[in-house]
file protein.txt (compact mmCIF, C-alpha atoms)
# COMPACT_ATOMS: atom_id res chain seq x y z
CA MET O 9 82.14 133.42 123.48
CA ALA O 10 79.91 130.37 122.96
CA PHE O 11 76.80 132.52 123.49
CA LYS O 12 77.83 134.83 120.58
CA SER O 13 78.35 131.80 118.34
CA ILE O 14 74.90 130.46 119.16
CA ILE O 15 73.31 133.85 118.47
CA THR O 16 75.16 134.06 115.15
CA LEU O 17 73.96 130.58 114.14
CA VAL O 18 70.36 131.41 115.08
CA LEU O 19 70.47 134.63 113.05
CA LEU O 20 71.94 132.81 110.06
CA ALA O 21 69.26 130.12 110.28
CA LEU O 22 66.51 132.75 110.34
CA HIS O 23 67.84 134.39 107.19
CA MET O 24 68.66 131.20 105.30
CA PRO O 25 65.24 130.78 103.56
CA ALA O 26 65.50 134.34 102.21
CA ALA O 27 69.02 133.67 101.01
CA LEU O 28 67.88 130.52 99.17
CA SER O 29 64.93 132.23 97.50
CA GLN O 30 65.26 134.54 94.58
CA ALA O 31 62.98 136.41 92.25
CA PRO O 32 62.99 135.47 88.58
CA GLN O 33 65.39 137.64 86.58
CA LEU O 34 65.20 138.49 82.89
CA GLU O 35 67.70 136.69 80.67
CA HIS O 36 68.36 134.04 83.37
CA PRO O 37 66.94 130.57 83.95
CA LEU O 38 63.96 130.42 86.28
CA PRO O 39 65.14 129.68 89.84
CA ALA O 40 64.36 125.99 90.37
CA LEU O 41 61.33 125.10 92.46
CA THR O 42 59.85 121.74 93.40
CA ILE O 43 56.35 121.45 94.83
CA GLU O 44 55.80 118.13 96.52
CA ASP O 45 52.90 118.87 98.88
CA ARG O 46 49.89 118.28 96.59
CA GLY O 47 51.74 119.15 93.34
CA GLU O 48 50.58 118.66 89.77
CA ILE O 49 47.03 117.45 89.21
CA LEU O 50 46.95 114.45 86.89
CA LEU O 51 43.73 113.14 85.37
CA GLN O 52 43.79 109.36 84.93
CA GLY O 53 40.49 108.18 83.53
CA ASN O 54 37.94 109.81 85.81
CA ASP O 55 40.23 109.97 88.83
CA PHE O 56 42.66 112.63 89.97
CA THR O 57 46.09 111.95 91.35
CA TYR O 58 48.83 114.32 92.42
CA ASP O 59 52.52 114.17 91.66
CA SER O 60 55.42 116.39 92.65
CA TRP O 61 56.06 119.19 90.16
CA SER O 62 59.38 120.78 89.27
CA SER O 63 60.03 123.95 87.32
CA GLU O 64 63.06 122.21 85.86
CA THR O 65 60.87 119.87 83.83
CA SER O 66 59.10 122.62 81.96
CA PRO O 67 57.54 121.70 78.62
CA ASN O 68 59.31 122.31 75.33
CA GLY O 69 58.37 125.51 73.56
CA VAL O 70 57.22 128.86 74.86
CA HIS O 71 56.13 128.48 78.49
CA VAL O 72 53.78 130.85 80.32
CA LEU O 73 53.77 130.21 84.06
CA GLN O 74 51.25 131.96 86.28
CA TYR O 75 51.31 131.77 90.05
CA LEU O 76 48.14 132.80 91.89
CA ALA O 77 46.73 132.91 95.38
CA ALA O 78 43.69 130.65 95.84
CA THR O 79 41.23 133.55 95.91
CA ARG O 80 38.48 134.66 93.55
CA THR O 81 40.16 138.04 92.92
CA ALA O 82 43.54 136.48 92.16
CA SER O 83 41.96 134.07 89.68
CA LYS O 84 40.98 137.07 87.52
CA LEU O 85 44.34 138.85 87.77
CA PHE O 86 45.95 137.42 84.63
CA GLU O 87 42.76 136.45 82.79
CA PRO O 88 43.28 139.10 80.06
CA LEU O 89 46.64 137.48 79.29
CA THR O 90 45.31 133.93 79.10
CA ASP O 91 42.34 135.13 77.03
CA GLY O 92 44.75 137.00 74.73
CA LEU O 93 46.91 133.91 74.32
CA GLN O 94 43.90 131.76 73.41
CA ALA O 95 42.63 134.34 70.92
CA SER O 96 46.02 134.96 69.29
CA PHE O 97 47.83 131.63 69.09
CA ASP O 98 47.35 127.98 68.38
CA ARG O 99 47.26 126.03 71.64
CA ASN O 100 50.16 123.85 70.42
CA ASP O 101 52.49 126.87 70.10
CA TYR O 102 52.74 127.61 73.83
CA HIS O 103 52.09 125.95 77.18
CA VAL O 104 50.49 127.45 80.28
CA THR O 105 51.27 126.20 83.76
CA THR O 106 49.08 127.56 86.55
CA ILE O 107 50.21 127.17 90.14
CA ILE O 108 47.62 127.84 92.84
CA ASN O 109 48.80 128.80 96.33
CA LEU O 110 46.38 126.93 98.60
CA ASP O 111 48.03 128.50 101.65
CA ALA O 112 46.42 131.81 100.62
CA ALA O 113 42.88 130.39 100.51
CA MET O 114 40.38 131.74 103.01
CA TRP O 115 39.93 129.47 105.98
CA GLY O 116 37.54 126.65 105.17
CA THR O 117 37.57 127.14 101.37
CA THR O 118 40.44 124.85 100.36
CA GLY O 119 38.12 121.95 99.46
CA PHE O 120 36.02 124.22 97.23
CA VAL O 121 39.16 125.61 95.55
CA VAL O 122 40.52 122.11 94.86
CA SER O 123 37.15 121.04 93.45
CA GLU O 124 37.07 124.05 91.07
CA ILE O 125 40.63 123.39 89.90
CA GLU O 126 39.81 119.73 89.27
CA LYS O 127 36.82 120.87 87.14
CA ASN O 128 39.21 123.09 85.15
CA LYS O 129 41.55 120.14 84.66
CA ARG O 130 38.67 118.11 83.21
CA MET O 131 37.85 120.96 80.79
CA HIS O 132 41.52 121.50 79.83
CA PRO O 133 43.29 118.15 80.30
CA ASP O 134 46.42 119.31 78.45
CA SER O 135 47.06 122.24 80.76
CA THR O 136 49.38 121.93 83.73
CA LEU O 137 47.67 122.76 87.02
CA VAL O 138 49.69 122.63 90.22
CA LEU O 139 48.48 122.95 93.82
CA ASP O 140 51.03 124.52 96.15
CA ALA O 141 49.78 123.54 99.61
CA ASP O 142 52.13 125.72 101.65
CA GLY O 143 52.90 128.65 99.34
CA ALA O 144 56.44 127.52 98.55
CA GLY O 145 56.46 129.26 95.17
CA ALA O 146 55.35 132.63 96.55
CA LYS O 147 58.18 132.53 99.07
CA HIS O 148 60.83 131.06 96.77
CA TRP O 149 60.19 133.42 93.86
CA GLN O 150 59.63 136.41 96.17
CA LEU O 151 56.20 137.20 94.76
CA GLY O 152 55.46 139.80 97.40
CA GLU O 153 52.33 140.63 99.31
CA GLU O 154 49.90 139.62 96.55
CA GLY O 155 51.75 136.35 95.99
CA ALA O 156 51.14 136.44 92.26
CA GLY O 157 53.27 136.50 89.16
CA VAL O 158 53.50 135.73 85.45
CA ILE O 159 56.72 134.39 84.01
CA ILE O 160 57.28 133.84 80.31
CA MET O 161 60.16 131.60 79.31
CA ASP O 162 61.63 130.73 75.96
CA THR O 163 62.31 127.21 74.73
CA GLU O 164 65.53 127.08 76.75
CA GLY O 165 63.80 127.98 80.03
CA ILE O 166 65.23 131.51 80.05
CA VAL O 167 62.97 134.15 81.60
CA ARG O 168 61.89 136.66 78.95
CA TYR O 169 59.19 138.43 80.99
CA PHE O 170 58.23 138.65 84.65
CA THR O 171 55.65 140.69 86.54
CA ARG O 172 53.95 140.50 89.91
CA SER O 173 50.95 142.61 88.93
CA ALA O 174 48.09 142.79 86.44
CA LEU O 175 49.03 143.94 82.97
CA SER O 176 47.91 147.24 81.48
CA GLU O 177 46.57 147.16 77.92
CA ALA O 178 49.96 148.34 76.59
CA GLU O 179 51.82 145.70 78.65
CA LEU O 180 49.42 143.02 77.44
CA ALA O 181 50.06 144.00 73.80
CA ASN O 182 53.83 143.91 74.42
CA VAL O 183 53.63 140.51 76.10
CA LEU O 184 51.58 139.05 73.25
CA ASP O 185 54.18 140.42 70.81
CA LEU O 186 56.92 138.82 72.91
CA VAL O 187 55.13 135.46 72.87
CA ARG O 188 54.65 135.79 69.10
CA ASP O 189 58.37 136.49 68.64
CA GLN O 190 59.29 133.52 70.82
CA ILE O 191 56.93 131.22 68.90
CA GLU O 192 58.35 132.42 65.57
CA SER O 193 61.93 131.91 66.72
CA CYS O 194 61.00 128.46 67.96
CA THR O 195 59.43 127.41 64.67
CA SER O 196 62.54 128.39 62.78
CA VAL O 197 64.92 126.66 65.23
CA CYS O 198 62.96 123.97 67.13
call {"tool": "encode", "arguments": {"input": "protein.txt", "output": "structure tokens"}}
result
Amino acid sequence: MAFKSIITLVLLALHMPAALSQAPQLEHPLPALTIEDRGEILLQGNDFTYDSWSSETSPNGVHVLQYLAATRTASKLFEPLTDGLQASFDRNDYHVTTIINLDAAMWGTTGFVVSEIEKNKRMHPDSTLVLDADGAGAKHWQLGEEGAGVIIMDTEGIVRYFTRSALSEAELANVLDLVRDQIESCTSVC
């Protein structure tokens, strides 16, 4: 009898991380995530520091969150979206948070990846850049094999759009329209 209980506990323990993780769902708040290992890059003077980051402290306004593996190919995955946002909207109307999964970096490239992200932080000090050392976000939000995703949230932190893959031209146009609608609703209510 005791042996069956031990087996049951072991099986439950193995499935617990999957039970605690959940993919973002439309019309629901983003499942909470805290990244403490590395975390958000903060630029203080000429020096960088890191602080834990939580999805629960998202900025006010329309929030675009992109999660990417620390690879060259992944860095280009959502570039049409970020380029479209920059071309279509005032930078003060939305906020982009980029989380980089360092666990997905090729062996020996983590230092190079961190250096490139720090350069980006210097060029865009107002953006939120987060280093996820062990891939917690990819697991928690069930981002699949590619470990990538874009999540668009309204001013209340409710998920309005979610995808794990690159956007087609039609999807990109729809997403930009969605962001425009969210910005307009924010300016009339916020």
call {"tool": "closest_residue", "arguments": {"input": "protein.txt", "among": "O:Glu153, O:Asp111, O:Asp91, O:Glu126", "to": "Thr57 in chain O", "atoms": "only C-alpha atoms"}}
result
O:Glu126
call {"tool": "residues_around", "arguments": {"input": "protein.txt", "residues": "range 99-108 of chain O", "least_positions_apart": "6", "cutoff": "8 Å", "atoms": "only C-alpha atoms", "output": "ChimeraX atom specification"}}
result
/O:67,69-78,135-140,191
call {"tool": "atom_distance", "arguments": {"input": "protein.txt", "atom1": "CA of Lys147 in chain O", "atom2": "CA of Val167 in chain O"}}
result
18.2 Å
call {"tool": "closest_residue", "arguments": {"input": "protein.txt", "among": "O:Gln30, O:Ala178, O:Trp149, O:Leu51", "to": "Asp134 in chain O", "atoms": "only C-alpha atoms"}}
result
O:Leu51
call {"tool": "atom_distance", "arguments": {"input": "protein.txt", "atom1": "CA of Phe97 in chain O", "atom2": "CA of Arg188 in chain O"}}
result
8.0 Å
call {"tool": "closest_residue", "arguments": {"input": "protein.txt", "among": "O:Asn68, O:Glu192, O:Leu175, O:Ile166", "to": "Glu35 in chain O", "atoms": "all atoms listed in the file"}}
result
O:Ile166
call {"tool": "residues_around", "arguments": {"input": "protein.txt", "residues": "Ser60 in chain O", "least_positions_apart": "6", "cutoff": "10 Å", "atoms": "only C-alpha atoms", "output": "PyMOL selection string"}}
result
chain O and resi 42-49+138-140
call {"tool": "closest_residue", "arguments": {"input": "protein.txt", "among": "O:Ser83, O:Pro39, O:Gly143, O:Ala31", "to": "Arg172 in chain O", "atoms": "all atoms listed in the file"}}
result
O:Ala31
call {"tool": "residues_near_point", "arguments": {"input": "protein.txt", "point": "(59.7, 132.0, 83.0)", "cutoff": "8 Å", "atoms": "all atoms listed in the file", "output": "PyMOL selection string"}}
result
chain O and resi 32+37-38+71-73+158-162+165-170
